[in-house]
$ cat run04.txt   # compact mmCIF, C-alpha atoms
# COMPACT_ATOMS: atom_id res chain seq x y z
CA MET A 1 50.64 -45.17 -40.99
CA ILE A 2 53.16 -43.34 -43.12
CA ASP A 3 52.63 -39.64 -43.73
CA PRO A 4 52.22 -39.13 -47.53
CA GLU A 5 54.47 -36.05 -47.56
CA GLN A 6 57.17 -37.94 -45.72
CA ALA A 7 56.78 -40.91 -48.08
CA ARG A 8 57.17 -38.72 -51.19
CA ARG A 9 60.58 -37.50 -49.92
CA ILE A 10 62.01 -41.03 -49.88
CA LYS A 11 64.58 -41.75 -52.59
CA LEU A 12 66.34 -44.71 -50.98
CA LEU A 13 65.02 -47.75 -49.14
CA ALA A 14 67.89 -49.25 -47.15
CA LEU A 15 67.41 -52.64 -45.54
CA ASP A 16 69.21 -54.56 -42.86
CA VAL A 17 69.54 -58.20 -43.93
CA ASP A 18 69.56 -60.60 -40.98
CA GLY A 19 66.30 -60.27 -39.09
CA VAL A 20 64.66 -58.12 -41.78
CA LEU A 21 65.15 -59.95 -45.09
CA THR A 22 65.74 -63.21 -43.21
CA ASP A 23 64.25 -64.71 -40.06
CA ASN A 24 67.61 -64.26 -38.27
CA GLY A 25 68.46 -67.92 -38.73
CA ILE A 26 71.50 -69.25 -40.52
CA TRP A 27 72.53 -72.79 -41.28
CA VAL A 28 76.25 -73.47 -41.38
CA ALA A 29 77.71 -76.74 -42.57
CA PRO A 30 81.11 -78.08 -43.62
CA ILE A 31 80.72 -79.38 -47.18
CA GLY A 32 83.73 -80.68 -49.07
CA GLY A 33 86.07 -78.88 -46.69
CA ASP A 34 84.33 -75.54 -47.17
CA ARG A 35 82.11 -73.65 -44.77
CA ILE A 36 78.70 -73.29 -46.44
CA GLU A 37 76.07 -70.92 -45.10
CA PHE A 38 72.37 -71.04 -45.91
CA LYS A 39 69.73 -68.40 -45.25
CA ARG A 40 66.00 -68.30 -45.89
CA PHE A 41 64.69 -65.29 -47.84
CA ASP A 42 60.97 -64.62 -48.31
CA ILE A 43 59.74 -64.66 -51.92
CA GLN A 44 57.09 -62.01 -51.24
CA ASP A 45 59.79 -59.69 -49.90
CA GLY A 46 61.70 -60.30 -53.13
CA LEU A 47 58.70 -59.38 -55.25
CA GLY A 48 58.22 -56.22 -53.20
CA LEU A 49 61.76 -55.21 -54.08
CA VAL A 50 61.19 -56.08 -57.74
CA LEU A 51 58.13 -53.80 -57.72
CA LEU A 52 60.29 -50.89 -56.59
CA ARG A 53 62.29 -51.08 -59.83
CA SER A 54 59.55 -49.19 -61.67
CA THR A 55 59.58 -46.37 -59.10
CA ALA A 56 62.04 -43.61 -58.27
CA ILE A 57 63.06 -45.40 -55.05
CA GLU A 58 66.47 -47.05 -55.07
CA VAL A 59 67.24 -50.04 -52.83
CA ALA A 60 70.35 -50.81 -50.76
CA TRP A 61 71.12 -53.70 -48.42
CA ILE A 62 73.28 -52.95 -45.39
CA SER A 63 74.45 -56.00 -43.45
CA GLY A 64 76.45 -56.21 -40.25
CA ARG A 65 78.15 -59.40 -41.39
CA HIS A 66 79.50 -60.85 -44.60
CA SER A 67 77.59 -63.70 -46.21
CA ASP A 68 77.83 -65.26 -49.65
CA ALA A 69 74.13 -66.19 -49.35
CA THR A 70 73.26 -62.49 -48.98
CA ALA A 71 75.36 -61.55 -52.01
CA LEU A 72 73.77 -64.31 -54.08
CA ARG A 73 70.19 -63.29 -53.22
CA ALA A 74 70.96 -59.62 -53.87
CA LYS A 75 72.37 -60.53 -57.27
CA GLU A 76 69.23 -62.54 -58.11
CA LEU A 77 67.06 -59.54 -57.23
CA ARG A 78 69.39 -57.07 -59.03
CA ILE A 79 69.91 -55.01 -55.88
CA PRO A 80 72.38 -52.31 -56.99
CA THR A 81 73.97 -51.60 -53.61
CA VAL A 82 74.95 -54.30 -51.13
CA ILE A 83 77.29 -53.37 -48.30
CA GLN A 84 78.42 -56.08 -45.91
CA ASP A 85 80.41 -54.66 -43.00
CA SER A 86 81.54 -57.45 -40.69
CA GLY A 87 81.86 -54.99 -37.80
CA ALA A 88 78.18 -53.93 -38.00
CA ARG A 89 79.22 -50.27 -38.32
CA LYS A 90 76.08 -49.25 -40.14
CA PHE A 91 76.07 -45.54 -39.33
CA PRO A 92 79.39 -44.68 -41.02
CA VAL A 93 78.46 -47.02 -43.90
CA MET A 94 75.22 -45.09 -44.40
CA GLU A 95 77.01 -41.73 -44.14
CA ARG A 96 79.35 -42.78 -46.96
CA LEU A 97 76.47 -44.15 -49.04
CA LEU A 98 74.46 -40.94 -48.70
CA ALA A 99 77.49 -38.84 -49.61
CA GLU A 100 78.11 -40.99 -52.72
CA LYS A 101 74.48 -40.67 -53.81
CA GLY A 102 74.07 -37.02 -52.83
CA LEU A 103 71.15 -37.82 -50.52
CA SER A 104 70.13 -36.45 -47.15
CA TRP A 105 69.05 -38.56 -44.19
CA ALA A 106 65.48 -37.25 -44.67
CA GLU A 107 65.37 -38.96 -48.09
CA VAL A 108 65.98 -42.43 -46.64
CA ALA A 109 63.65 -45.11 -45.35
CA TYR A 110 65.49 -47.75 -43.36
CA VAL A 111 64.19 -51.09 -42.11
CA GLY A 112 66.12 -52.53 -39.17
CA ASP A 113 65.43 -54.87 -36.29
CA ASP A 114 68.21 -54.78 -33.71
CA ILE A 115 70.51 -52.55 -31.67
CA ALA A 116 73.11 -52.20 -34.46
CA ASP A 117 70.40 -50.46 -36.52
CA LEU A 118 69.54 -47.82 -33.90
CA PRO A 119 72.02 -45.11 -34.95
CA VAL A 120 70.70 -45.25 -38.51
CA LEU A 121 67.04 -45.50 -37.52
CA ARG A 122 67.40 -42.41 -35.32
CA ARG A 123 68.61 -40.32 -38.30
CA VAL A 124 66.59 -41.44 -41.32
CA GLY A 125 63.45 -39.73 -42.53
CA LEU A 126 61.39 -42.92 -42.31
CA PRO A 127 62.47 -45.45 -39.65
CA VAL A 128 60.73 -48.81 -40.07
CA THR A 129 61.02 -52.07 -38.15
CA VAL A 130 59.64 -55.59 -38.17
CA ALA A 131 57.18 -57.14 -35.73
CA ASN A 132 59.85 -59.13 -33.89
CA ALA A 133 62.36 -56.28 -33.50
CA CYS A 134 63.89 -55.50 -30.13
CA PRO A 135 61.99 -52.97 -27.97
CA GLU A 136 64.61 -50.23 -28.41
CA VAL A 137 64.16 -50.34 -32.18
CA LYS A 138 60.36 -50.43 -32.00
CA ALA A 139 60.49 -47.29 -29.83
CA VAL A 140 62.07 -45.20 -32.63
CA ALA A 141 60.16 -46.64 -35.61
CA ILE A 142 57.36 -44.77 -37.34
CA LEU A 143 56.11 -48.03 -38.84
CA VAL A 144 56.25 -51.45 -37.17
CA THR A 145 55.17 -54.16 -39.60
CA THR A 146 52.71 -56.83 -38.54
CA ALA A 147 54.87 -59.42 -40.31
CA LEU A 148 57.98 -60.90 -38.77
CA GLY A 149 61.40 -60.33 -40.29
CA GLY A 150 62.01 -62.82 -43.09
CA HIS A 151 58.28 -63.48 -43.39
CA GLY A 152 56.95 -60.68 -45.59
CA ALA A 153 57.87 -57.65 -43.47
CA VAL A 154 59.81 -55.99 -46.30
CA ARG A 155 56.91 -56.50 -48.70
CA GLU A 156 54.57 -54.95 -46.11
CA ALA A 157 56.88 -51.94 -45.75
CA VAL A 158 57.16 -51.51 -49.54
CA VAL A 159 53.37 -51.65 -49.96
CA ALA A 160 52.83 -49.15 -47.13
CA LEU A 161 55.42 -46.78 -48.61
CA LEU A 162 54.01 -46.97 -52.14
CA LYS A 163 50.42 -46.58 -50.93
CA ALA A 164 51.41 -43.50 -48.90
CA ARG A 165 53.04 -42.06 -52.04
CA GLY A 166 49.90 -42.85 -54.07
CA GLU A 167 51.92 -45.15 -56.35
CA TRP A 168 50.76 -48.65 -55.39
CA GLU A 169 48.13 -49.24 -58.09
CA ALA A 170 50.31 -47.84 -60.88
CA THR A 171 53.27 -49.92 -59.73
CA VAL A 172 51.22 -53.13 -59.75
CA ALA A 173 49.78 -52.24 -63.17
CA THR A 174 53.29 -51.67 -64.56
CA TYR A 175 54.49 -54.99 -63.13
CA LEU A 176 51.57 -56.88 -64.69
CA ARG A 177 51.86 -55.08 -68.04
CA GLU A 178 55.58 -55.98 -68.21
CA ARG A 179 54.54 -59.62 -67.85
CA GLY A 180 51.94 -59.60 -70.62
CA GLU A 181 48.80 -58.72 -68.66
CA THR A 182 46.43 -57.09 -71.15
CA THR A 183 43.14 -56.72 -69.26
CA PRO A 184 42.28 -53.19 -68.11
$ encode --input "run04.txt" --output "structure tokens"
Amino acid sequence: MIDPEQARRIKLLALDVDGVLTDNGIWVAPIGGDRIEFKRFDIQDGLGLVLLRSTAIEVAWISGRHSDATALRAKELRIPTVIQDSGARKFPVMERLLAEKGLSWAEVAYVGDDIADLPVLRRVGLPVTVANACPEVKAVAILVTTALGGHGAVREAVVALLKARGEWEATVATYLRERGETTP
């Protein structure tokens, strides 16, 4: 359960990619002499991120490895900030991001799943993890989703955050209205 006061402070939802937005699996194949990588992203997670567009919460993806598949999916979802650091140095990446945006750690919700996420999860105002996260990460999280990473965990976190802020119903109504829904 997310404390409503804590939820209302959140201005940025930052997400790890592999293991949170994906199920941690990658497919790599040589095609036409090029290395091609495939990842599976959950559509419900994507819709959860689309729903955030009508709120005051910004979204950022922070990945510990570079992937064209990640960049492509982020572009499809119009994610404004995607940082792929091949050294998995997420803490300094987040420090720079917060400085650029003029945000404090208390104004950030972060969803991570593995050891590389621990330094960030220990600092943010709302540490969240997925059901299949490592034990060390689960120990510091305020919210552990019931869904596995890559299988609706991000959507679950978004819904929990918006419900705690008292914004869920209005966000859904806005989404439906933007798509031509006219029934009250």
$ atom_distance --input "run04.txt" --atom1 "atom CA of Cys134 of chain A" --atom2 "atom CA of Leu148 of chain A"
11.8 Å
$ residues_around --input "run04.txt" --residues "Val20 of chain A" --least-positions-apart "3" --cutoff "12 Å" --atoms "all atoms listed in the file" --output "number ranges by chain"
A: 14-17, 23-25, 39-42, 45-46, 61-63, 110-114, 117, 128-134, 144-145, 147-157
$ closest_residue --input "run04.txt" --among "A:Ala69, A:Gln6, A:Met1, A:Lys163" --to "Thr22 of chain A" --atoms "all atoms listed in the file"
A:Ala69
$ atom_distance --input "run04.txt" --atom1 "atom CA of Lys138 of chain A" --atom2 "atom CA of Leu162 of chain A"
21.4 Å
$ closest_residue --input "run04.txt" --among "A:Val159, A:Ala56, A:Val172, A:Leu143" --to "Pro127 of chain A" --atoms "all atoms listed in the file"
A:Leu143
$ residues_around --input "run04.txt" --residues "Leu97 of chain A" --least-positions-apart "5" --cutoff "10 Å" --atoms "only C-alpha atoms" --output "compact mmCIF listing (two decimals) with C-alpha atoms, in the frame of the given file"
# COMPACT_ATOMS: atom_id res chain seq x y z
CA ALA A 60 70.35 -50.81 -50.76
CA THR A 81 73.97 -51.60 -53.61
CA ILE A 83 77.29 -53.37 -48.30
CA PHE A 91 76.07 -45.54 -39.33
CA PRO A 92 79.39 -44.68 -41.02
CA GLY A 102 74.07 -37.02 -52.83
CA LEU A 103 71.15 -37.82 -50.52
$ closest_residue --input "run04.txt" --among "A:Leu161, A:Ile115, A:Ile2, A:Leu77" --to "Lys90 of chain A" --atoms "only C-alpha atoms"
A:Ile115
$ closest_residue --input "run04.txt" --among "A:Ile10, A:Ala141, A:Ile31, A:Ala106" --to "Leu121 of chain A" --atoms "all atoms listed in the file"
A:Ala141
$ atom_distance --input "run04.txt" --atom1 "atom CA of Leu21 of chain A" --atom2 "atom CA of Ile43 of chain A"
9.9 Å
$ closest_residue --input "run04.txt" --among "A:Leu49, A:Val120, A:Gly166, A:Ala74" --to "Leu98 of chain A" --atoms "only C-alpha atoms"
A:Val120
$ closest_residue --input "run04.txt" --among "A:Leu12, A:Leu47, A:Val158, A:Ile57" --to "Ala109 of chain A" --atoms "all atoms listed in the file"
A:Leu12
$ residues_around --input "run04.txt" --residues "Ala164 of chain A" --least-positions-apart "4" --cutoff "8 Å" --atoms "only C-alpha atoms" --output "PyMOL selection string"
chain A and resi 2-4+7-8+160
$ residues_around --input "run04.txt" --residues "Gln84 of chain A" --least-positions-apart "4" --cutoff "9 Å" --atoms "all atoms listed in the file" --output "ChimeraX atom specification"
/A:61-67,70-71,88
